[in-house]
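Next up, start-v3.txt (compact mmCIF, C-alpha atoms):
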```txt
# COMPACT_ATOMS: atom_id res chain seq x y z
CA MET A 1 120.26 110.94 106.66
CA ASP A 2 117.11 109.38 105.28
CA THR A 3 115.03 111.56 103.00
CA LEU A 4 112.50 113.83 104.73
CA ALA A 5 109.85 113.71 102.03
CA GLY A 6 107.85 111.21 100.04
CA ARG A 7 104.65 110.39 101.89
CA LEU A 8 101.67 111.50 99.86
CA PRO A 9 98.61 112.98 101.60
CA ALA A 10 96.83 110.61 103.99
CA GLU A 11 94.09 108.55 102.35
CA THR A 12 90.97 107.26 104.04
CA ASP A 13 89.08 104.04 103.44
CA THR A 14 86.40 103.42 106.05
CA ARG A 15 86.73 99.67 105.49
CA THR A 16 90.33 99.50 106.66
CA LEU A 17 90.57 97.15 109.63
CA ARG A 18 91.30 98.91 112.91
CA MET A 19 93.17 97.67 115.94
CA SER A 20 90.23 98.75 118.09
CA GLN A 21 88.05 96.11 116.39
CA TYR A 22 90.02 93.34 118.10
CA VAL A 23 90.21 94.57 121.68
CA ARG A 24 88.51 91.41 122.95
CA GLN A 25 91.06 89.28 121.12
CA PHE A 26 93.94 91.13 122.76
CA GLU A 27 92.28 90.81 126.17
CA VAL A 28 92.53 87.00 126.01
CA THR A 29 95.73 86.59 123.98
CA PRO A 30 99.08 87.33 125.65
CA GLY A 31 101.77 89.22 123.83
CA PRO A 32 105.56 88.83 123.91
CA GLY A 33 106.69 87.42 127.23
CA LYS A 34 103.29 85.76 127.66
CA VAL A 35 101.82 88.75 129.44
CA PHE A 36 98.71 90.73 128.57
CA GLU A 37 99.84 94.35 128.89
CA PRO A 38 102.86 96.08 127.35
CA PRO A 39 105.81 96.82 129.63
CA SER A 40 106.75 100.41 130.42
CA SER A 41 109.72 100.27 128.01
CA TYR A 42 110.18 98.09 124.95
CA GLY A 43 112.11 97.80 121.69
CA LEU A 44 114.47 100.41 120.26
CA GLY A 45 116.04 102.72 122.80
CA PRO A 46 118.20 105.85 122.63
CA ASP A 47 121.37 103.80 123.16
CA LEU A 48 120.94 101.93 119.82
CA SER A 49 119.85 98.68 121.43
CA PHE A 50 116.61 96.69 121.56
CA LEU A 51 115.00 95.95 124.90
CA VAL A 52 113.22 92.60 124.54
CA ALA A 53 111.99 90.41 127.41
CA GLY A 54 113.87 92.62 129.87
CA GLU A 55 117.19 92.10 128.06
CA LYS A 56 119.04 94.71 126.01
CA LYS A 57 120.36 93.57 122.65
CA PRO A 58 122.75 95.89 120.81
CA ILE A 59 122.11 96.47 117.11
CA PRO A 60 124.96 95.02 114.96
CA GLU A 61 127.11 97.76 113.49
CA LYS A 62 126.59 96.60 109.90
CA ALA A 63 122.81 96.99 110.33
CA LEU A 64 123.34 100.64 111.29
CA LYS A 65 124.95 101.61 108.01
CA PRO A 66 123.18 104.86 107.10
CA LEU A 67 121.51 105.19 103.72
CA LYS A 68 123.21 107.49 101.25
CA PRO A 69 121.88 111.06 101.09
CA THR A 70 119.15 111.07 98.47
CA ASN A 71 116.78 113.44 96.75
CA TYR A 72 114.37 110.63 95.96
CA LYS A 73 111.08 110.73 97.84
CA ASN A 74 111.52 107.28 99.35
CA CYS A 75 110.79 107.81 103.05
CA VAL A 76 107.92 105.28 103.05
CA PRO A 77 109.95 102.30 101.73
CA THR A 78 112.81 103.36 104.02
CA ALA A 79 110.50 103.22 107.05
CA MET A 80 109.29 99.80 105.91
CA ALA A 81 112.90 98.60 105.74
CA ARG A 82 113.58 99.91 109.27
CA LEU A 83 110.53 98.04 110.53
CA ASN A 84 111.74 94.86 108.83
CA GLN A 85 115.07 95.22 110.64
CA THR A 86 113.22 95.42 113.95
CA TRP A 87 111.37 92.17 113.23
CA ASP A 88 114.76 90.51 112.71
CA ALA A 89 116.15 91.94 115.96
CA ILE A 90 113.15 90.91 118.06
CA ASN A 91 113.11 87.38 116.64
CA GLU A 92 116.88 87.03 117.08
CA ARG A 93 117.53 86.68 113.37
CA GLU A 94 120.46 88.23 111.55
CA ILE A 95 119.53 91.85 110.89
CA ARG A 96 119.54 92.67 107.21
CA PRO A 97 121.48 95.88 106.40
CA PHE A 98 119.33 97.70 103.84
CA THR A 99 120.89 100.01 101.26
CA LEU A 100 119.52 102.92 99.26
CA ASP A 101 119.19 100.63 96.23
CA ASP A 102 117.07 98.22 98.30
CA THR A 103 114.61 100.97 99.24
CA LEU A 104 114.41 102.21 95.65
CA LYS A 105 113.52 98.70 94.46
CA ILE A 106 110.70 98.61 97.02
CA TYR A 107 109.66 102.09 95.87
CA GLU A 108 109.44 100.87 92.26
CA ARG A 109 107.19 97.95 93.18
CA MET A 110 104.56 100.16 94.85
CA SER A 111 104.46 103.27 92.63
CA PRO A 112 105.16 104.57 89.08
CA PHE A 113 108.68 105.50 90.21
CA ARG A 114 111.55 104.08 88.13
CA GLU A 115 115.19 104.66 88.97
CA ASN A 116 116.06 104.04 85.32
CA VAL A 117 114.27 106.74 83.33
CA GLN A 118 114.39 104.62 80.16
CA ASP A 119 112.16 102.05 81.89
CA ILE A 120 109.43 104.71 81.99
CA LYS A 121 109.86 105.79 78.38
CA ASP A 122 109.79 102.21 77.07
CA ARG A 123 106.78 101.21 79.13
CA THR A 124 103.31 100.92 77.60
CA PRO A 125 100.56 102.23 79.89
CA THR A 126 97.92 99.71 80.93
CA GLU A 127 94.22 100.33 80.25
CA ASP A 128 93.64 101.09 83.92
CA GLU A 129 96.41 103.68 83.87
CA LYS A 130 94.95 105.29 80.75
CA ILE A 131 91.61 105.61 82.52
CA LYS A 132 93.29 107.20 85.51
CA ALA A 133 95.11 109.60 83.18
CA ASP A 134 91.82 110.67 81.55
CA LYS A 135 90.36 111.39 84.98
CA ARG A 136 93.34 113.60 85.77
CA ASP A 137 92.86 116.10 82.93
CA ASN A 138 94.71 113.93 80.43
CA ARG A 139 97.75 113.63 82.65
CA ASN A 140 99.66 110.59 81.45
CA VAL A 141 100.46 109.04 84.81
CA ALA A 142 102.25 106.09 83.23
CA GLY A 143 104.32 107.98 80.67
CA ASP A 144 107.53 109.96 80.68
CA ILE A 145 106.04 113.06 82.36
CA ASP A 146 108.99 113.86 84.55
CA GLU A 147 112.26 112.22 85.27
CA HIS A 148 111.88 109.09 87.41
CA ASN A 149 108.14 109.65 88.13
CA ASP A 150 109.36 110.47 91.63
CA TYR A 151 106.14 111.62 93.31
CA GLY A 152 106.34 109.64 96.54
CA VAL A 153 103.73 107.09 97.58
CA SER A 154 100.75 107.01 99.92
CA LEU A 155 101.16 104.95 103.06
CA LEU A 156 97.96 103.02 102.39
CA GLN A 157 99.10 102.14 98.87
CA ALA A 158 102.41 100.93 100.27
CA LEU A 159 100.63 98.72 102.81
CA ARG A 160 98.31 97.34 100.15
CA THR A 161 101.36 96.28 98.18
CA TRP A 162 103.14 94.77 101.17
CA THR A 163 100.12 92.68 102.23
CA ASP A 164 99.15 91.54 98.74
CA THR A 165 99.43 87.82 99.50
CA ALA A 166 98.23 86.81 96.03
CA ARG A 167 100.90 88.52 93.90
CA LYS A 168 103.55 89.06 96.60
CA PRO A 169 105.19 91.98 94.78
CA LEU A 170 107.65 92.64 97.62
CA ASN A 171 108.72 89.03 97.99
CA GLY A 172 112.48 88.92 98.60
CA LEU A 173 112.64 92.64 99.39
CA LEU A 174 110.80 92.63 102.73
CA GLY A 175 109.52 90.04 105.18
CA GLU A 176 106.06 88.62 104.53
CA ALA A 177 103.05 90.35 106.07
CA ASP A 178 99.41 89.23 105.91
CA TYR A 179 97.45 92.21 107.22
CA PHE A 180 97.75 95.71 108.60
CA LEU A 181 95.66 97.55 111.16
CA GLU A 182 94.95 101.23 111.60
CA VAL A 183 96.09 102.42 115.02
CA GLU A 184 94.43 105.18 117.03
CA TRP A 185 97.60 107.24 117.31
CA HIS A 186 96.05 109.63 119.85
CA ASN A 187 95.64 106.58 122.13
CA MET A 188 99.10 106.30 123.68
CA PHE A 189 98.38 102.91 125.24
CA GLN A 190 97.23 101.42 121.93
CA LEU A 191 100.23 102.89 120.14
CA ARG A 192 102.60 101.29 122.63
CA GLU A 193 100.70 98.00 122.49
CA ALA A 194 101.05 97.89 118.69
CA VAL A 195 104.83 98.38 119.00
CA TRP A 196 105.00 95.68 121.66
CA ARG A 197 102.81 93.06 119.97
CA PHE A 198 103.87 93.53 116.33
CA GLY A 199 107.31 95.13 116.47
CA GLY A 200 106.43 98.68 115.49
CA VAL A 201 104.15 101.10 113.67
CA LEU A 202 104.48 103.24 110.57
CA LEU A 203 103.73 106.84 111.47
CA GLY A 204 102.76 109.43 108.86
CA LEU A 205 103.97 112.83 110.04
CA ALA A 206 103.49 116.43 108.92
CA LEU A 207 106.90 117.66 110.07
CA PRO A 208 107.41 121.25 111.27
CA LEU A 209 110.36 123.50 110.48
CA SER A 210 111.01 123.78 114.22
CA ILE A 211 112.92 120.47 114.22
CA GLN A 212 115.63 122.02 112.02
CA LEU A 213 119.18 122.60 113.23
CA PRO A 214 120.76 125.01 113.85
CA PRO A 215 118.03 127.50 114.79
CA GLU A 216 119.82 130.51 113.27
CA GLN A 217 119.61 128.86 109.83
CA LYS A 218 115.86 128.21 109.83
CA ASP A 219 115.26 130.85 107.17
CA GLN A 220 117.73 129.09 104.89
CA ALA A 221 116.09 125.79 105.68
CA ARG A 222 112.70 127.22 104.74
CA GLU A 223 114.05 128.10 101.28
CA ALA A 224 115.65 124.68 100.91
CA THR A 225 112.43 122.89 101.74
CA LEU A 226 110.58 124.45 98.81
CA GLY A 227 111.79 121.49 96.79
CA ILE A 228 110.64 119.03 99.46
CA GLN A 229 107.18 120.51 99.51
CA ALA A 230 106.95 119.97 95.76
CA MET A 231 106.34 116.29 96.51
CA PHE A 232 102.89 116.60 94.97
CA GLY A 233 104.62 117.00 91.62
CA SER A 234 108.07 115.96 90.44
CA PRO A 235 111.49 117.58 90.51
CA ASP A 236 112.57 118.98 87.17
CA SER A 237 115.47 117.57 85.22
CA GLN A 238 117.83 120.29 86.43
CA ALA A 239 117.06 119.47 90.06
CA MET A 240 117.53 115.76 89.51
CA SER A 241 120.87 116.40 87.89
CA GLY A 242 122.09 117.97 91.12
CA SER A 243 121.28 121.68 91.33
CA SER A 244 122.46 123.59 94.39
CA GLU A 245 118.86 123.96 95.59
CA GLU A 246 118.26 120.22 95.45
CA LYS A 247 121.55 119.45 97.14
CA LYS A 248 120.44 121.54 100.12
CA ILE A 249 117.42 119.28 100.54
CA SER A 250 119.47 116.14 101.01
CA GLU A 251 121.79 117.95 103.42
CA LEU A 252 119.12 119.29 105.77
CA GLN A 253 119.91 118.56 109.40
CA VAL A 254 117.29 118.00 112.07
CA GLN A 255 117.32 117.60 115.81
CA ASN A 256 117.65 114.20 117.42
CA ASP A 257 114.77 115.01 119.79
CA TRP A 258 111.47 116.01 118.20
CA TYR A 259 109.07 117.97 120.38
CA VAL A 260 106.45 120.71 120.08
CA PRO A 261 108.07 124.15 120.50
CA GLY A 262 107.09 126.15 123.56
CA TYR A 263 104.94 128.54 121.53
CA GLY A 264 102.92 125.63 120.14
CA PRO A 265 102.30 124.26 116.62
CA ILE A 266 102.31 127.68 114.92
CA GLY A 267 104.84 129.62 112.85
CA ASP A 268 107.80 127.37 112.16
CA GLY A 269 106.11 124.82 114.43
CA ALA A 270 103.11 124.52 112.10
CA PRO A 271 102.36 120.96 110.92
CA GLY A 272 103.76 120.28 107.45
CA SER A 273 105.87 123.44 107.25
CA LEU A 274 108.95 121.26 106.63
CA SER A 275 107.70 118.17 104.80
CA SER A 276 105.45 115.13 104.80
CA HIS A 277 107.34 112.20 106.25
CA CYS A 278 107.04 108.57 107.36
CA VAL A 279 108.99 106.87 110.16
CA ALA A 280 108.95 103.45 111.77
CA ILE A 281 108.36 103.75 115.51
CA THR A 282 110.01 100.61 116.88
CA GLY A 283 110.50 101.39 120.56
CA TYR A 284 109.21 103.43 123.46
CA THR A 285 109.74 104.40 127.09
CA PRO A 286 107.31 106.15 129.46
CA ARG A 287 108.76 109.43 128.19
CA ALA A 288 108.98 109.10 124.41
CA PHE A 289 108.80 107.01 121.23
CA TYR A 290 111.88 106.12 119.19
CA CYS A 291 112.68 105.64 115.51
CA GLN A 292 115.93 104.94 113.68
CA SER A 293 117.15 107.33 111.01
CA GLY A 294 120.48 106.48 109.45
CA ASN A 295 122.76 105.50 112.33
CA LEU A 296 120.89 107.75 114.77
CA VAL A 297 117.95 107.23 117.09
CA ARG A 298 115.46 110.07 117.20
CA SER A 299 112.98 110.55 120.02
CA LEU A 300 109.41 111.78 119.55
CA SER A 301 107.61 113.17 122.58
CA GLU A 302 103.98 112.19 123.14
CA GLU A 303 102.95 115.79 122.46
CA PHE A 304 104.85 115.72 119.15
CA VAL A 305 103.05 112.55 118.09
CA LEU A 306 99.69 114.09 118.98
CA ALA A 307 100.42 117.37 117.19
CA TYR A 308 101.98 116.14 113.95
CA THR A 309 100.70 112.62 113.21
CA GLU A 310 98.28 112.26 110.29
CA GLU A 311 98.04 108.45 110.06
CA CYS A 312 99.36 105.38 111.84
CA PHE A 313 99.35 101.68 110.98
CA THR A 314 100.84 98.48 112.36
CA ILE A 315 101.80 95.60 110.08
CA LEU A 316 101.18 92.00 111.11
CA PRO A 317 104.04 89.67 110.04
CA THR A 318 103.01 86.28 108.69
CA ASP A 319 105.17 84.28 111.10
CA VAL A 320 103.98 86.24 114.16
CA LEU A 321 100.33 85.75 113.26
CA ALA A 322 100.79 82.03 112.70
CA ALA A 323 102.74 81.45 115.91
CA GLN A 324 101.12 83.83 118.40
CA TYR A 325 97.75 84.95 117.01
CA PRO A 326 96.13 82.13 114.98
CA GLU A 327 92.63 83.03 116.25
CA LEU A 328 93.15 86.69 115.39
CA LYS A 329 94.35 85.74 111.90
CA GLU A 330 91.23 83.67 111.26
CA GLU A 331 88.97 86.44 112.56
CA MET A 332 90.67 89.02 110.34
CA ARG A 333 90.43 86.71 107.33
CA LYS A 334 86.67 86.46 107.78
CA ASP A 335 86.37 90.23 108.15
CA VAL A 336 88.38 90.87 104.97
CA ASP A 337 86.36 88.30 102.98
CA LYS A 338 83.20 90.07 104.05
CA LEU A 339 84.57 93.51 103.22
CA ARG A 340 85.60 92.46 99.72
CA THR A 341 81.95 91.96 98.80
CA GLN A 342 80.79 95.32 100.16
CA ASP A 343 80.38 98.58 98.32
CA ARG A 344 79.75 102.09 99.62
CA PRO A 345 76.93 102.02 102.20
CA LEU A 346 73.67 103.54 100.95
CA TRP A 347 73.62 106.11 103.75
CA MET A 348 77.11 107.39 102.97
CA PRO A 349 77.21 110.52 100.77
CA ASN A 350 79.29 110.68 97.62
CA PHE A 351 82.90 111.68 98.16
CA THR A 352 84.72 114.40 96.29
CA GLN A 353 87.43 111.83 95.64
CA ARG A 354 86.83 108.62 93.71
CA TRP A 355 85.67 105.70 95.84
CA ARG A 356 88.23 102.97 95.42
CA GLY A 357 85.65 100.23 94.78
CA GLY A 358 87.69 97.56 96.53
CA ASN A 359 88.74 97.13 100.10
CA ILE A 360 92.13 98.60 100.83
CA MET A 361 93.08 95.32 102.54
CA ALA A 362 92.21 93.18 99.53
CA GLY A 363 95.14 94.06 97.30
CA LEU A 364 92.77 94.85 94.43
```
In structure tokens, write the structure found in this file.
Amino acid sequence: MDTLAGRLPAETDTRTLRMSQYVRQFEVTPGPGKVFEPPSSYGLGPDLSFLVAGEKKPIPEKALKPLKPTNYKNCVPTAMARLNQTWDAINEREIRPFTLDDTLKIYERMSPFRENVQDIKDRTPTEDEKIKADKRDNRNVAGDIDEHNDYGVSLLQALRTWTDTARKPLNGLLGEADYFLEVEWHNMFQLREAVWRFGGVLLGLALPLSIQLPPEQKDQAREATLGIQAMFGSPDSQAMSGSSEEKKISELQVQNDWYVPGYGPIGDGAPGSLSSHCVAITGYTPRAFYCQSGNLVRSLSEEFVLAYTEECFTILPTDVLAAQYPELKEEMRKDVDKLRTQDRPLWMPNFTQRWRGGNIMAGL
């Protein structure tokens, strides 16, 4: 199955555009099917088909080819690839079957990760990277610290890269996207509307051990996930060469239905007790949300989303904005241009973390 780790801790930039900012725009602009409110069910369903305009469309078998088991922390680029497949399905284009190599190429474009370790050793750090290294107690973030530089990537950094319309670093790897919006994930209506209008959302989850299967092996799973929870550092060379501990991580099995255990989000149901993860929610019914993982569809109950979500964003494809939301695109462009010239408000206290100095939407 797809890797269960790789999303770095959720970042916050108060200047990130939010879906709530454009409520008036959505009130006057119809969505798919030329209606103004999302239907009760839409997109990916549990039977591996897409429900679009009241018609079910099965996913081609070649698009369901599961990614190879991997110990790389590439869940974010994998979720991006799944979302790209959904755009193809909804727009009746041929669905691209992504491979593990495809996701690793995306991973390389948005982080220091390199599949070829020699690429790291031969690379000269930029001045900006040297500055960052000095601020991290002389940690050479661009050098050959650990094999592959496989730390994972933050969801915001991934979205910055995807929507960088100036450099287009993901050109040819993923479909073009102009902007992204932060979604109020505790607002179930807004979450469903984002899936309906833009094809899906990327959900950052703090997964609990309670989703493991089978239940009698949860103690073993807890030991195996020690490596997963090391995502804030890097696996050592022995692990990357295929130690038994690391092999367990790629073989972890989870339930198809994700829900909060009856005793609540405590114990093995505690948020983050398994790993930090990212999935592409590309469908919903009145009862649940759905994401694709390998050749399986997993359901997430509303309570699960509320209990374990840390961040949620929807990505706005270039062709969808141009065809269906030209006024929204122009309004967002003006907002981004304004934000690029702003710095930290005078009333806002200093943060313990470095202020980024450039709007997260600007690709700076």
Exercise for review: May I have the protein, DNA and RNA residues with any atom at most 12 Å from the point (107.5, 121.7, 123.2), counting all atoms listed in the file, written as a ChimeraX atom specification?
Suggested key: /A:208,210-211,257-266,269,300-307
Exercise for review: Between A:Leu100, A:Leu44, A:Val183, A:Ile95, single out the one closest to A:Phe289, counting only C-alpha atoms.
Suggested key: A:Leu44
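Note that atom CA of A:Leu202 and atom CA of A:Trp162 are 12.7 Å apart.
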Review point. Which residue gives the smallest distance to A:Leu156 among A:Ala10, A:Leu209, A:Leu83, A:Met332, with only C-alpha atoms counted?
Key: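 Counting only C-alpha atoms, the residue closest to A:Leu156 is A:Ala10.
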Point to revise | Surrounding residues of A:Gly272 excluding itself and chain neighbours under 5 positions, 10 Å, only C-alpha atoms, as JSON, numbers by chain | key: {"A": [205, 206, 207, 208, 209, 229, 277, 308]}
Where's the centre, and what are the edge lengths in Å to one decimal, of a box along x, y and z enclosing all listed atoms of stretch 173-182 of chain A padded 8 Å per side, as JSON?
```
{"center_x": 103.8, "center_y": 94.9, "center_z": 105.5, "size_x": 33.7, "size_y": 28.6, "size_z": 28.2}
```
